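Take a look at the structure set out below.
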Number of protein chains: 2
Amino acid sequence: MSKPNIVMIGAGNVASHLAPAISEAGAGNIVQVYSRTMDSARSLAGKLPDAMPTDSLRDIRRDADIYILSVKDDAIPQIVGALPKTSALYLHTSGSVGMEALAPLSDSFGVFYPLQTFSKNVSLDMKSVPLFVEGSTPEVEAQIREFGERVFKSVYHADSEIRKKMHISAVFACNFTNHLWTVAENQLAREGLPFDVLRPLLEETLRKAFVNSPSASQTGPAVRGDRNIVDAHLSMLNGTEKELYRILSESIMGKQG
Amino acid sequence: MSKPNIVMIGAGNVASHLAPAISEAGAGNIVQVYSRTMDSARSLAGKLPDAMPTDSLRDIRRDADIYILSVKDDAIPQIVGALPKTSALYLHTSGSVGMEALAPLSDSFGVFYPLQTFSKNVSLDMKSVPLFVEGSTPEVEAQIREFGERVFKSVYHADSEIRKKMHISAVFACNFTNHLWTVAENQLAREGLPFDVLRPLLEETLRKAFVNSPSASQTGPAVRGDRNIVDAHLSMLNGTEKELYRILSESIMGKQG
C-alpha cells in the first residue's frame, strides 16, 4: 500500500483539516468525499486533486484501501450499518468511540484520533498535532501508525481507556482554564477593563509551562503560602468566584485530596 | 521634560526589562542604576548607553527628573527612608503597594505598573505589555501617562483598588490555569504521556479566547450540558481532582453562586 486510495466519510471540522493534510503529505489519494449534504462534499473535494463528492452512502466506492469515518460520534452506527464489509482498513477519528464500532466492516480497523480542536476556516499546522492510534491487531496498528507518521510528527498508542483519560485531561487543561479566563474577563469588565490586558501575561504563562513544565512554573500567592494575600483576595470575592478561589488555592497548597 | 534623566533603583526582573525598553524607545536617559549588589547594577547599566552603576543608596544622584523604584515590595520603605526629598517624579512598579508609600519623597509621585511576568533572560515585546498608571495629582498622572505612552502601546488608569482586583483576575487567569495544567500533566504522566501532547490544543484554545472572548469560546461537556460525560468523568476521578472537576463543571453550568 505505497499510496493508498482513501475514501473520506464526513466533511466536517476534522475531515476538512485531515483530508488536505493527508493529500499534501503524499500519504494517500483521497478519491472520494462523502457528506450528508452535496455542498459540503463538493467544498472539501474541491480542495483535493483526485476526489469526487457524493451525498449518497450507496454510491461510496467499494474498492478503496482506507475508509476514514470522520463524522459526529452518534452518526457512526448509521454509517457502519450502511457500508458493505470489505478487506479494506476502516478508521474513525473520534476520541470517545471504541474501535469495535467498526468491527462489522472489516477485520482491519482502528482509531485515528488527532488531539486538537478544529474550526473549519482556521488553518493549523497539522504536522504538529499529536495523533493517537489503536488497531484491531498489532499488525493493523503498525499499518495505521506507518500511515499516520506520513502526516503527523508525533504518533502515540492510545486505547479507549487512555483516550477517555486524555479527554479528562483536556477538559482540565482547556475547558476549565477557558472558564477561569471567563471569570477573569467578567471581573475585569466590572472595572471597565478589556480581557486583552491579560494577553501578554497569559501568553507568557503558557510559554513558561512548556519551557519547563506547569508544575515547575507555578507562581502566585497560594504556592508561596502567602496566607495574607489569599485571605485578602477571598474577602474581596463572593459566591462562585470565592468558592473557586478557595478550592483552587487549597489544591495548590496541597491541603486537599 | 523632553528627554528626562532617570535613575533606576533596582536591577531585578522588572527593572532589567523596563530600563532598556525606556532607553530604546528614546523616552528617557537612564543615567544611573542602583542595586544592592554591584554585579547586578553593573550588569544592567552595561546594557544602557548612559548609565553608571552604584550599590550605595547614598551615592544615588539627586538631580534626576524621574526615579523609578523597581524593587521587591517589602524593600520600598527602606529605600524611601534612605532617599532625600526632591522635586523630581518618583514612581514604583509594584502592583500591590499603594502610591502613598512614595509621598515622603516628593509632591510628584505615582505608580508605573507593567502587567506581565518577567524573567531576567527571556526577552519580551515590552511595547505590547499593558501599563497601569496612577499619579498623586491629575497633572502628575497626565505626566506619567505621557511618559508611559512613549514606551507602551496601551496605558490604563488603575488606582490601588483596581490593581488589587486585577491581581485577583491574574490569579484566576494565570496561576489557577497553570495549576489545572499541572493537574493535566500529572494525569497524562500516569498514562505515560508527556504534557506536550496538549500543546496544540492549548495554544488553539488561547488563540480562540482572544479572537472572540473566553465566554464565547467555551467548549466541553459542561457547557453542552452533557451530564452523561460529566458523570462518567467524575466516576473516573478521586480526591482533589474529582472535587475540582465537580465545582468547575457546576460553575460552567451556572448552577452555583
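FYI, nothing fancy with the C-alpha cells labels: chains A, B, ... in order, residues from 1 per chain, ligands from 1 as they appear.
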
> Please, which residues of chain B lie no more than 7 Å from chain A when the count uses only C-alpha atoms, and can they be set out as a ChimeraX atom specification?
Replying inline: /B:115-117,129-130,162,166,168-169,171-182,184,187-188,191,197,200-202,205,214-215,218-220,233,239-240,248,251-252,256-257

Counting only C-alpha atoms, what is within 9 Å of Gly10 (chain B), bar same-chain residues fewer than 4 positions away, as a PDB file with N, CA, C and O atoms, in the first residue's frame?
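Once everything was written out, this is part_32.pdb:
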ATOM      1  N   VAL B  14      11.891  43.088  36.729  1.00  0.00           N
ATOM      2  CA  VAL B  14      11.139  44.175  36.092  1.00  0.00           C
ATOM      3  C   VAL B  14      12.089  45.244  35.576  1.00  0.00           C
ATOM      4  O   VAL B  14      12.028  45.646  34.408  1.00  0.00           O
ATOM      5  N   ALA B  15      13.012  45.701  36.448  1.00  0.00           N
ATOM      6  CA  ALA B  15      13.942  46.775  36.062  1.00  0.00           C
ATOM      7  C   ALA B  15      14.756  46.384  34.828  1.00  0.00           C
ATOM      8  O   ALA B  15      14.988  47.210  33.943  1.00  0.00           O
ATOM      9  N   SER B  16      15.180  45.125  34.764  1.00  0.00           N
ATOM     10  CA  SER B  16      16.069  44.735  33.665  1.00  0.00           C
ATOM     11  C   SER B  16      15.329  44.631  32.329  1.00  0.00           C
ATOM     12  O   SER B  16      15.958  44.566  31.274  1.00  0.00           O
ATOM     13  N   VAL B  33      22.000  53.293  37.657  1.00  0.00           N
ATOM     14  CA  VAL B  33      21.287  52.097  38.099  1.00  0.00           C
ATOM     15  C   VAL B  33      21.787  51.735  39.488  1.00  0.00           C
ATOM     16  O   VAL B  33      22.991  51.547  39.707  1.00  0.00           O
ATOM     17  N   TYR B  34      20.861  51.669  40.444  1.00  0.00           N
ATOM     18  CA  TYR B  34      21.218  51.224  41.791  1.00  0.00           C
ATOM     19  C   TYR B  34      20.779  49.778  41.980  1.00  0.00           C
ATOM     20  O   TYR B  34      19.664  49.392  41.585  1.00  0.00           O
ATOM     21  N   SER B  35      21.648  48.978  42.579  1.00  0.00           N
ATOM     22  CA  SER B  35      21.241  47.663  43.069  1.00  0.00           C
ATOM     23  C   SER B  35      21.990  47.389  44.362  1.00  0.00           C
ATOM     24  O   SER B  35      23.064  47.957  44.590  1.00  0.00           O
ATOM     25  N   ARG B  36      21.445  46.503  45.204  1.00  0.00           N
ATOM     26  CA  ARG B  36      22.151  46.154  46.452  1.00  0.00           C
ATOM     27  C   ARG B  36      23.506  45.526  46.144  1.00  0.00           C
ATOM     28  O   ARG B  36      24.436  45.640  46.925  1.00  0.00           O
ATOM     29  N   SER B  40      24.931  43.199  39.912  1.00  0.00           N
ATOM     30  CA  SER B  40      23.637  43.408  39.252  1.00  0.00           C
ATOM     31  C   SER B  40      23.537  44.804  38.671  1.00  0.00           C
ATOM     32  O   SER B  40      23.038  44.993  37.554  1.00  0.00           O
ATOM     33  N   ALA B  41      23.990  45.796  39.440  1.00  0.00           N
ATOM     34  CA  ALA B  41      23.939  47.180  38.959  1.00  0.00           C
ATOM     35  C   ALA B  41      24.756  47.310  37.678  1.00  0.00           C
ATOM     36  O   ALA B  41      24.311  47.896  36.684  1.00  0.00           O
ATOM     37  N   ILE B  68      12.732  55.706  39.396  1.00  0.00           N
ATOM     38  CA  ILE B  68      11.836  54.545  39.304  1.00  0.00           C
ATOM     39  C   ILE B  68      12.291  53.491  40.303  1.00  0.00           C
ATOM     40  O   ILE B  68      13.396  52.952  40.196  1.00  0.00           O
ATOM     41  N   LEU B  69      11.445  53.231  41.288  1.00  0.00           N
ATOM     42  CA  LEU B  69      11.751  52.194  42.281  1.00  0.00           C
ATOM     43  C   LEU B  69      11.168  50.881  41.782  1.00  0.00           C
ATOM     44  O   LEU B  69       9.950  50.703  41.732  1.00  0.00           O
ATOM     45  N   SER B  70      12.064  49.972  41.400  1.00  0.00           N
ATOM     46  CA  SER B  70      11.606  48.683  40.897  1.00  0.00           C
ATOM     47  C   SER B  70      12.299  47.609  41.722  1.00  0.00           C
ATOM     48  O   SER B  70      13.248  46.970  41.288  1.00  0.00           O
ATOM     49  N   VAL B  71      11.824  47.500  42.967  1.00  0.00           N
ATOM     50  CA  VAL B  71      12.427  46.568  43.933  1.00  0.00           C
ATOM     51  C   VAL B  71      11.310  45.730  44.539  1.00  0.00           C
ATOM     52  O   VAL B  71      10.132  45.962  44.276  1.00  0.00           O
ATOM     53  N   LYS B  72      11.674  44.731  45.337  1.00  0.00           N
ATOM     54  CA  LYS B  72      10.657  43.917  45.997  1.00  0.00           C
ATOM     55  C   LYS B  72       9.779  44.820  46.881  1.00  0.00           C
ATOM     56  O   LYS B  72      10.256  45.793  47.462  1.00  0.00           O
TER      57      LYS B  72
END

From a backbone DSSP assignment, name each residue in region 4-244 of chain B labelled strand (DSSP E or B), as an mmCIF file with N, CA and C atoms, in the first residue's frame.
data_model
loop_
_atom_site.group_PDB
_atom_site.id
_atom_site.type_symbol
_atom_site.label_atom_id
_atom_site.label_comp_id
_atom_site.auth_asym_id
_atom_site.auth_seq_id
_atom_site.Cartn_x
_atom_site.Cartn_y
_atom_site.Cartn_z
ATOM 1 N N ASN B 5 16.157 62.712 32.554
ATOM 2 C CA ASN B 5 17.188 61.868 33.154
ATOM 3 C C ASN B 5 16.535 60.999 34.226
ATOM 4 N N ILE B 6 16.864 59.730 34.168
ATOM 5 C CA ILE B 6 16.162 58.759 35.022
ATOM 6 C C ILE B 6 17.155 57.952 35.845
ATOM 7 N N VAL B 7 16.851 57.793 37.136
ATOM 8 C CA VAL B 7 17.605 56.860 37.969
ATOM 9 C C VAL B 7 16.743 55.614 38.168
ATOM 10 N N MET B 8 17.302 54.460 37.815
ATOM 11 C CA MET B 8 16.591 53.193 38.012
ATOM 12 C C MET B 8 17.068 52.575 39.322
ATOM 13 N N ILE B 9 16.170 52.467 40.269
ATOM 14 C CA ILE B 9 16.506 51.888 41.574
ATOM 15 C C ILE B 9 16.007 50.454 41.596
ATOM 16 N N ASN B 29 16.809 59.158 29.377
ATOM 17 C CA ASN B 29 18.177 58.667 29.575
ATOM 18 C C ASN B 29 18.275 58.033 30.952
ATOM 19 N N ILE B 30 18.557 56.749 30.995
ATOM 20 C CA ILE B 30 18.821 56.144 32.302
ATOM 21 C C ILE B 30 20.257 56.516 32.657
ATOM 22 N N VAL B 31 20.426 57.397 33.648
ATOM 23 C CA VAL B 31 21.759 57.905 33.961
ATOM 24 C C VAL B 31 22.429 57.100 35.075
ATOM 25 N N GLN B 32 21.634 56.353 35.840
ATOM 26 C CA GLN B 32 22.206 55.606 36.964
ATOM 27 C C GLN B 32 21.330 54.389 37.264
ATOM 28 N N VAL B 33 22.000 53.293 37.657
ATOM 29 C CA VAL B 33 21.287 52.097 38.099
ATOM 30 C C VAL B 33 21.787 51.735 39.488
ATOM 31 N N TYR B 34 20.861 51.669 40.444
ATOM 32 C CA TYR B 34 21.218 51.224 41.791
ATOM 33 C C TYR B 34 20.779 49.778 41.980
ATOM 34 N N MET B 52 25.494 54.797 34.919
ATOM 35 C CA MET B 52 26.560 54.396 35.822
ATOM 36 C C MET B 52 25.945 53.505 36.900
ATOM 37 N N PRO B 53 26.663 52.465 37.297
ATOM 38 C CA PRO B 53 26.135 51.590 38.347
ATOM 39 C C PRO B 53 26.524 52.074 39.744
ATOM 40 N N THR B 54 25.683 51.774 40.728
ATOM 41 C CA THR B 54 26.081 52.010 42.115
ATOM 42 C C THR B 54 25.386 50.978 43.003
ATOM 43 N N ILE B 66 13.372 61.750 36.985
ATOM 44 C CA ILE B 66 12.477 60.656 37.371
ATOM 45 C C ILE B 66 13.274 59.590 38.115
ATOM 46 N N TYR B 67 12.713 59.118 39.216
ATOM 47 C CA TYR B 67 13.278 57.992 39.959
ATOM 48 C C TYR B 67 12.276 56.854 39.883
ATOM 49 N N ILE B 68 12.732 55.706 39.396
ATOM 50 C CA ILE B 68 11.836 54.545 39.304
ATOM 51 C C ILE B 68 12.291 53.491 40.303
ATOM 52 N N LEU B 69 11.445 53.231 41.288
ATOM 53 C CA LEU B 69 11.751 52.194 42.281
ATOM 54 C C LEU B 69 11.168 50.881 41.782
ATOM 55 N N LEU B 89 9.999 63.403 39.907
ATOM 56 C CA LEU B 89 8.871 62.478 39.869
ATOM 57 C C LEU B 89 9.354 61.104 40.353
ATOM 58 N N TYR B 90 8.660 60.561 41.354
ATOM 59 C CA TYR B 90 9.015 59.247 41.893
ATOM 60 C C TYR B 90 7.936 58.238 41.521
ATOM 61 N N LEU B 91 8.375 57.116 40.988
ATOM 62 C CA LEU B 91 7.444 56.068 40.565
ATOM 63 C C LEU B 91 7.859 54.732 41.168
ATOM 64 N N HIS B 92 6.870 53.886 41.476
ATOM 65 C CA HIS B 92 7.218 52.485 41.753
ATOM 66 C C HIS B 92 6.468 51.588 40.781
ATOM 67 N N SER B 108 5.355 64.948 43.651
ATOM 68 C CA SER B 108 5.045 64.268 42.385
ATOM 69 C C SER B 108 5.415 62.798 42.501
ATOM 70 N N PHE B 109 4.409 61.958 42.583
ATOM 71 C CA PHE B 109 4.719 60.536 42.693
ATOM 72 C C PHE B 109 3.573 59.727 42.107
ATOM 73 N N GLY B 110 3.838 58.464 41.893
ATOM 74 C CA GLY B 110 2.787 57.648 41.311
ATOM 75 C C GLY B 110 3.237 56.224 41.062
ATOM 76 N N VAL B 111 2.371 55.491 40.363
ATOM 77 C CA VAL B 111 2.605 54.075 40.099
ATOM 78 C C VAL B 111 2.775 53.869 38.591
ATOM 79 N N PHE B 112 3.681 52.990 38.247
ATOM 80 C CA PHE B 112 4.048 52.699 36.866
ATOM 81 C C PHE B 112 4.163 51.179 36.792
ATOM 82 N N TYR B 113 3.012 50.521 36.580
ATOM 83 C CA TYR B 113 2.911 49.067 36.794
ATOM 84 C C TYR B 113 2.669 48.326 35.482
ATOM 85 N N PRO B 114 3.706 47.671 34.946
ATOM 86 C CA PRO B 114 3.510 46.873 33.736
ATOM 87 C C PRO B 114 3.003 45.485 34.115
ATOM 88 N N LEU B 131 0.328 48.904 30.488
ATOM 89 C CA LEU B 131 0.877 49.666 31.612
ATOM 90 C C LEU B 131 -0.267 50.311 32.382
ATOM 91 N N PHE B 132 -0.223 50.197 33.702
ATOM 92 C CA PHE B 132 -1.242 50.797 34.560
ATOM 93 C C PHE B 132 -0.603 51.910 35.380
ATOM 94 N N VAL B 133 -1.206 53.101 35.315
ATOM 95 C CA VAL B 133 -0.600 54.262 35.977
ATOM 96 C C VAL B 133 -1.579 54.922 36.939
ATOM 97 N N GLU B 134 -0.987 55.570 37.939
ATOM 98 C CA GLU B 134 -1.746 56.369 38.893
ATOM 99 C C GLU B 134 -0.810 57.495 39.318
ATOM 100 N N GLY B 135 -1.345 58.721 39.486
ATOM 101 C CA GLY B 135 -0.500 59.844 39.875
ATOM 102 C C GLY B 135 -1.054 60.565 41.084
ATOM 103 N N VAL B 155 -1.876 52.179 27.743
ATOM 104 C CA VAL B 155 -1.707 52.726 29.098
ATOM 105 C C VAL B 155 -3.093 52.953 29.693
ATOM 106 N N TYR B 156 -3.313 52.384 30.875
ATOM 107 C CA TYR B 156 -4.606 52.491 31.546
ATOM 108 C C TYR B 156 -4.437 53.133 32.920
ATOM 109 N N HIS B 157 -5.481 53.817 33.383
ATOM 110 C CA HIS B 157 -5.502 54.269 34.771
ATOM 111 C C HIS B 157 -5.874 53.097 35.676
#

> Which distance in Å separates CA of Ala142 (chain B) and CA of Arg62 (chain B), to one decimal?
Replying inline: 23.4 Å

> Residues of region 108-197 of chain B in alpha helix (DSSP H) according to DSSP, as JSON, numbers by chain?
Replying inline: {"B": [138, 139, 140, 141, 142, 143, 144, 145, 146, 147, 148, 149, 160, 161, 162, 163, 164, 165, 166, 167, 168, 169, 170, 177, 178, 179, 180, 181, 182, 183, 184, 185, 186, 187, 188, 189, 190]}

Restrict the selected residues to N, CA and C atoms and save them as a tab-separated table (two decimals), in the first residue's frame.
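This is the output file selection-v3.tsv:
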chain	number	residue	atom	x	y	z
B	138	PRO	N	-3.95	64.94	39.24
B	138	PRO	CA	-4.29	64.72	37.82
B	138	PRO	C	-3.16	65.18	36.89
B	139	GLU	N	-2.47	66.27	37.25
B	139	GLU	CA	-1.38	66.77	36.42
B	139	GLU	C	-0.23	65.77	36.41
B	140	VAL	N	0.10	65.25	37.59
B	140	VAL	CA	1.18	64.27	37.67
B	140	VAL	C	0.80	63.00	36.90
B	141	GLU	N	-0.46	62.58	37.05
B	141	GLU	CA	-0.86	61.38	36.31
B	141	GLU	C	-0.77	61.61	34.80
B	142	ALA	N	-1.12	62.80	34.34
B	142	ALA	CA	-1.01	63.10	32.90
B	142	ALA	C	0.46	63.02	32.46
B	143	GLN	N	1.35	63.47	33.33
B	143	GLN	CA	2.78	63.43	33.03
B	143	GLN	C	3.27	61.97	32.98
B	144	ILE	N	2.83	61.17	33.94
B	144	ILE	CA	3.21	59.75	33.98
B	144	ILE	C	2.69	59.03	32.73
B	145	ARG	N	1.44	59.34	32.38
B	145	ARG	CA	0.82	58.71	31.22
B	145	ARG	C	1.58	59.06	29.94
B	146	GLU	N	1.96	60.34	29.81
B	146	GLU	CA	2.68	60.78	28.62
B	146	GLU	C	4.02	60.04	28.52
B	147	PHE	N	4.70	59.93	29.64
B	147	PHE	CA	5.97	59.19	29.70
B	147	PHE	C	5.74	57.72	29.34
B	148	GLY	N	4.70	57.12	29.94
B	148	GLY	CA	4.41	55.71	29.70
B	148	GLY	C	4.07	55.42	28.25
B	149	GLU	N	3.36	56.37	27.62
B	149	GLU	CA	2.93	56.14	26.23
B	149	GLU	C	4.11	56.16	25.25
B	160	SER	N	-5.27	51.86	43.50
B	160	SER	CA	-4.94	50.68	44.32
B	160	SER	C	-6.03	49.62	44.28
B	161	GLU	N	-7.29	50.09	44.36
B	161	GLU	CA	-8.43	49.17	44.38
B	161	GLU	C	-8.51	48.37	43.07
B	162	ILE	N	-8.32	49.06	41.95
B	162	ILE	CA	-8.38	48.38	40.65
B	162	ILE	C	-7.19	47.44	40.49
B	163	ARG	N	-6.00	47.88	40.96
B	163	ARG	CA	-4.83	47.00	40.86
B	163	ARG	C	-5.03	45.72	41.67
B	164	LYS	N	-5.64	45.85	42.85
B	164	LYS	CA	-5.91	44.65	43.66
B	164	LYS	C	-6.85	43.70	42.91
B	165	LYS	N	-7.88	44.26	42.29
B	165	LYS	CA	-8.84	43.42	41.57
B	165	LYS	C	-8.20	42.79	40.33
B	166	MET	N	-7.32	43.56	39.66
B	166	MET	CA	-6.59	42.98	38.52
B	166	MET	C	-5.71	41.83	38.97
B	167	HIS	N	-5.13	41.98	40.16
B	167	HIS	CA	-4.28	40.91	40.68
B	167	HIS	C	-5.11	39.64	40.87
B	168	ILE	N	-6.31	39.80	41.43
B	168	ILE	CA	-7.19	38.64	41.59
B	168	ILE	C	-7.51	38.01	40.22
B	169	SER	N	-7.81	38.85	39.24
B	169	SER	CA	-8.11	38.33	37.89
B	169	SER	C	-6.90	37.59	37.31
B	170	ALA	N	-5.70	38.12	37.57
B	170	ALA	CA	-4.49	37.46	37.07
B	170	ALA	C	-4.27	36.13	37.78
B	177	THR	N	-5.00	28.66	36.18
B	177	THR	CA	-4.95	27.86	34.95
B	177	THR	C	-3.66	27.04	34.92
B	178	ASN	N	-2.56	27.64	35.36
B	178	ASN	CA	-1.31	26.86	35.40
B	178	ASN	C	-1.47	25.65	36.32
B	179	HIS	N	-2.21	25.83	37.41
B	179	HIS	CA	-2.44	24.69	38.31
B	179	HIS	C	-3.27	23.59	37.61
B	180	LEU	N	-4.26	24.00	36.83
B	180	LEU	CA	-5.06	23.00	36.10
B	180	LEU	C	-4.20	22.28	35.06
B	181	TRP	N	-3.24	23.00	34.47
B	181	TRP	CA	-2.30	22.34	33.55
B	181	TRP	C	-1.45	21.34	34.32
B	182	THR	N	-1.10	21.67	35.57
B	182	THR	CA	-0.34	20.74	36.40
B	182	THR	C	-1.15	19.48	36.68
B	183	VAL	N	-2.44	19.66	36.97
B	183	VAL	CA	-3.32	18.50	37.17
B	183	VAL	C	-3.31	17.63	35.91
B	184	ALA	N	-3.46	18.25	34.75
B	184	ALA	CA	-3.46	17.50	33.48
B	184	ALA	C	-2.11	16.82	33.25
B	185	GLU	N	-1.03	17.55	33.57
B	185	GLU	CA	0.32	16.98	33.43
B	185	GLU	C	0.45	15.69	34.27
B	186	ASN	N	-0.04	15.74	35.50
B	186	ASN	CA	0.03	14.56	36.38
B	186	ASN	C	-0.82	13.42	35.84
B	187	GLN	N	-2.02	13.75	35.35
B	187	GLN	CA	-2.92	12.72	34.81
B	187	GLN	C	-2.27	12.04	33.60
B	188	LEU	N	-1.69	12.83	32.69
B	188	LEU	CA	-1.07	12.27	31.49
B	188	LEU	C	0.15	11.44	31.87
B	189	ALA	N	0.92	11.91	32.85
B	189	ALA	CA	2.12	11.17	33.27
B	189	ALA	C	1.73	9.77	33.75
B	190	ARG	N	0.56	9.66	34.41
B	190	ARG	CA	0.10	8.34	34.86
B	190	ARG	C	-0.16	7.40	33.68

>> I want to know what sits within 7 Å of Leu105 (chain B), based on only C-alpha atoms, with residues of the same chain fewer than 4 positions away left out; could you give that as a list in words?
In response: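 The residues that qualify are Val80, Pro84, Lys85 and Thr86 of chain B.
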
>> Neighbouring residues of Ala82 (chain B) were defined as those with any atom within 10 Å, considering only C-alpha atoms; residues of the same chain fewer than 6 positions away were excluded. Please report them as number ranges by chain.
In response: B: 57-58, 60, 105

File dump, residues just selected, N, CA and C atoms, as a JSON list (two decimals), in the first residue's frame:
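See again_14.json below for the written result:
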[["chain", "number", "residue", "atom", "x", "y", "z"],
["B", 57, "LEU", "N", 23.12, 53.50, 48.40],
["B", 57, "LEU", "CA", 21.95, 54.40, 48.36],
["B", 57, "LEU", "C", 22.39, 55.86, 48.50],
["B", 58, "ARG", "N", 23.49, 56.09, 49.26],
["B", 58, "ARG", "CA", 23.96, 57.47, 49.47],
["B", 58, "ARG", "C", 24.52, 58.08, 48.19],
["B", 60, "ILE", "N", 23.24, 57.74, 45.23],
["B", 60, "ILE", "CA", 22.21, 57.98, 44.21],
["B", 60, "ILE", "C", 22.13, 59.48, 43.92],
["B", 105, "LEU", "N", 8.87, 61.44, 49.49],
["B", 105, "LEU", "CA", 9.99, 61.80, 48.62],
["B", 105, "LEU", "C", 9.75, 63.03, 47.77]]

>> For a test of reading the model, state the distance in Å between CA of Ser94 (chain B) and CA of Ile76 (chain B), rounded to one decimal.
In response: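 CA of Ser94 (chain B) sits 9.5 Å away from CA of Ile76 (chain B).
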
> Quick one, how far is CA of Met99 (chain A) from CA of Ser136 (chain A)?
Replying inline: 7.6 Å

>> Calculated over only C-alpha atoms, which of the candidates B:Ala88, B:Ala11, B:Met253, B:Val151 has the smallest distance to Arg42 (chain B)?
In response: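 Closest to Arg42 (chain B), using only C-alpha atoms: B:Ala11.
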